[in-house]
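Note sheet for the following structure.
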Amino acid sequence: MTNFNITPNRRKTLSLKWTAYDSDILPMWLADMDFSAPKVILNALHKQVDHGVLGYEIPGRAFYEVVSRRMDALYGWKVDPDWVIYTPGVNNGYNIAARVLCSSRKGYVIQTPVYNEFHEAEGKVGIPKRVAPLAMLTKGNRVRYEVDDDALKKAVKGAGMFLLCHPHNPVGKIFSRAELTRMATICIENKVPIVSDEIHAEILLGGAKFKPLASLSKEIENNTITLVSASKACNVPGLSAAFAIVPNEELRKRFFAAALGMSYEVSSPGLTATHAAFSGRADAWLNDLRRHLTANRDFLVDYVTRFMPNVRTTVPDATYLGWLDFTQTAIYGSPFEFFLSKAKVALSDGKKFGSQSAGFARINFGTSRKILKEGLDKMRKAMFSIQG
Ligand SMILES: Cc1ncc(COP(=O)(O)O)c(C=O)c1O
C-alpha cells in the first residue's frame, strides 16, 4: 500500500507550484499533487532512459487499442481505436477544437465558476466567450452547484462549441446522467458540438461513479469530442500527453488537420507513461490514492465545519480540489490576497474561475495530511486574528 503521507521535497526542483511564490509561502494552489508517480510508470520511464536512445516515437495501433480497452473496462464505452488522436495536453485539445469549431462570430460556452484556463481560450484563440453560470445552492456551511438549463439554452444559441468540465474543476461535481442528458440534448437541438474535458475522471472520491458524456448514447457520442489524459490521476502532467476521442468522422478529420504540424506530436516519455497507466498497471496505486484523497477531503470538510465559522465548502465527488466560500466571513476583499499575506498560504484566486467568485478560493488537498493540516492551521489563525 502506498503511503501518500510521504511527499518528496519539491522546493529545489523546477516545480511551478513550489517555486512561483517565496519560500515562506505554503503552496496549495496549482492542480498538481505532491506525490511521486506510480512505481510502474517510473519503472517504464527508467527502462526507456536506460535504453539510451530518445529518438522520435509514434504511438502504434497497439497504443490506441490500450486507450480503447481502458474506456471499455472502466465505462463499458466502445471506442474505436481509430477515433483517438494524441495531443500534448488537454488544454491544447480544446484550443484546437475551438479553432475548428468557433470564429469571431461563433463563440464558446462555459459554465462558471470553471477552471481558469477555460476563460483564456477567448484571448488565446480570439473567439468570444459565452457564460452559462451554474446555479449555486447552499445548506448550512455546504455549497453545491446544479446546471441552470435556461442559462445554458440561452448561451448555446448560435455558439460554436460548449466546453464542459466533467468532473468539474473547481466545484468537484460529477454531473448526473439526467444532467448530462439534458445538457447534451440542449446542444444537439442547437447543433452545437460539445467538448468534454474529462481529465479528472479517474480521481473519484468516496463511492463516486463516473460516466463519460459521450458514452450515454450514439447521438451524444456523435456530437462530442472527449479529452482524456493519465496526467492528473497519475500525477504526470509535466510529461504533456493527452488524447482526444472524436467518433464523428467529419469532426475528426477537421480536428486532425488543425492539429497537424502544430501540436500532433507527443513527448515519448508522455507516451510511455500513458501506456503504463492505461494498460491498468497503476490501478492498485490509483485505489490507494483515492482512499488517501477521500480521507483528505473529509478532513478538510470537517476542519472547515468545526474551526472556520461562516466559511462554506463543497464536498467534491472527484478531483483533489476544494472550493471555499468566504463571502459570509469578516475577510474584506480578496480571500486569495488575505491568505497569501496573513497566513502565508497560496490558494487559487476565486475570481480567475468566474467574475461571480471573487469571494471564493480553491484549495488543493492532493498532498500529505501534514501539509494539508499545516495550511488549514495557518488559515484558521489568520481568520481568528481578524475575528477576535
Ligand atoms: C479541467 C482541466 N483541464 C485541463 C487541465 C490541464 O491539462 P493539460 O496539462 O493536459 O493541458 C487541467 C489542469 O489543472 C484541468 O484541471
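Here's how to read the names in the C-alpha cells: chain A, B, ... by the order shown, residue numbers from 1 in each chain, ligand numbers from 1 in the order shown.
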Given 9 Å and only C-alpha atoms and all ligand atoms, residues near ligand 1 as a PyMOL selection string = chain A and resi 30-32+87-94+114-118+164-170+197-200+227-232+237-243+319
Show me, as CSV, the residues of region 193-267 of chain A having an atom within 8 Å of region 72-81 of chain A, each with the closest atom pair and its distance in Å, using only C-alpha atoms.
```
residue,atom,partner,partner_atom,distance
A:Phe210,CA,A:Tyr75,CA,7.9
A:Lys211,CA,A:Tyr75,CA,6.3
A:Pro212,CA,A:Tyr75,CA,7.5
A:Ser215,CA,A:Trp77,CA,5.5
A:Ile245,CA,A:Val79,CA,7.9
A:Pro247,CA,A:Asp80,CA,7.8
```
Give me a file of those residues, with N, CA and C atoms, as a PDB file, in the first residue's frame.
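Output file selection.pdb follows:
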```
ATOM      1  N   PHE A 210     -18.324   7.467 -12.231  1.00  0.00           N
ATOM      2  CA  PHE A 210     -18.207   8.409 -13.338  1.00  0.00           C
ATOM      3  C   PHE A 210     -18.610   7.763 -14.655  1.00  0.00           C
ATOM      4  N   LYS A 211     -19.248   8.511 -15.512  1.00  0.00           N
ATOM      5  CA  LYS A 211     -19.604   8.060 -16.865  1.00  0.00           C
ATOM      6  C   LYS A 211     -19.172   9.134 -17.855  1.00  0.00           C
ATOM      7  N   PRO A 212     -18.427   8.786 -18.898  1.00  0.00           N
ATOM      8  CA  PRO A 212     -18.131   9.807 -19.919  1.00  0.00           C
ATOM      9  C   PRO A 212     -19.432  10.273 -20.581  1.00  0.00           C
ATOM     10  N   SER A 215     -20.536   8.427 -23.715  1.00  0.00           N
ATOM     11  CA  SER A 215     -20.950   7.023 -23.616  1.00  0.00           C
ATOM     12  C   SER A 215     -22.461   6.881 -23.403  1.00  0.00           C
ATOM     13  N   ILE A 245     -10.846  11.890 -28.120  1.00  0.00           N
ATOM     14  CA  ILE A 245     -11.616  10.799 -28.730  1.00  0.00           C
ATOM     15  C   ILE A 245     -12.715  11.475 -29.560  1.00  0.00           C
ATOM     16  N   PRO A 247     -15.418  10.508 -32.235  1.00  0.00           N
ATOM     17  CA  PRO A 247     -16.141   9.495 -33.013  1.00  0.00           C
ATOM     18  C   PRO A 247     -16.692  10.016 -34.343  1.00  0.00           C
TER      19      PRO A 247
END
```
Could you give me, as JSON lines, a per-residue list for region 159-261 of chain A showing, wherever an atom lies at most 12 Å from an atom of region 136-143 of chain A, the closest pair of atoms and their distance in Å to one decimal, using only C-alpha atoms and sorting by chain then residue number from low to high?
```
{"residue": "A:Val171", "atom": "CA", "partner": "A:Val143", "partner_atom": "CA", "distance": 9.0}
{"residue": "A:Gly172", "atom": "CA", "partner": "A:Val143", "partner_atom": "CA", "distance": 11.1}
{"residue": "A:Lys173", "atom": "CA", "partner": "A:Val143", "partner_atom": "CA", "distance": 11.1}
```
ask   = Between A:Val84, A:Met28, A:Ala343, A:Ala62, which one has atoms that come closest to Glu249 (chain A), using only C-alpha atoms?
value =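 Distance minimum relative to Glu249 (chain A) lands on A:Val84.
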request  = Using DSSP on the backbone coordinates, identify all residues within region 107-241 of chain A classified as helix (DSSP H, G or I); present the result as number ranges by chain.
outcome  = A: 116-126, 149-156, 177-189, 213-215, 218-222, 237-239
Pick from A:Ile41, A:Val192, A:Ala258, A:Ile386 nearest to Asp283 (chain A), counting only C-alpha atoms =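 Under the stated criterion, the closest residue is A:Ile41.
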query = How many Å lie between CA of Leu376 (chain A) and CA of Arg291 (chain A), rounded to one decimal?
reply =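 Value for the CA of Leu376 (chain A)-CA of Arg291 (chain A) distance: 20.3 Å.
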ask   = In Å, how far is it from CA of Thr19 (chain A) to CA of Gly375 (chain A)?
value =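 Interatomic distance, CA of Thr19 (chain A) to CA of Gly375 (chain A): 16.7 Å.
Of the listed residues A:Ile127, A:Leu14, A:Ile58, A:Leu26, the one whose atoms come nearest to Ser104 (chain A) is A:Ile127, with distances taken using only C-alpha atoms.
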request  = Find the residue from A:Lys106, A:Lys153, A:Lys218, A:Lys124 that sits nearest to Cys187 (chain A); use only C-alpha atoms when measuring.
outcome  =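 With only C-alpha atoms as the atom set, the closest residue is A:Lys153.
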key: Near-Ser103 (chain A) list (12 Å; only C-alpha atoms; drop same-chain fewer than 5 positions) as a list of chain:residue names   = A:Ala97, A:Ala98, A:Tyr108, A:Ala121, A:Glu122, A:Val125, A:Gly126, A:Ile127, A:Pro128, A:Lys129, A:Gly158, A:Ala159, A:Gly160, A:Met161
request  = Rounded to one decimal place, report the CA of Thr327 (chain A)-CA of Phe360 (chain A) distance in Å.
outcome  =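 CA of Thr327 (chain A) sits 7.1 Å away from CA of Phe360 (chain A).
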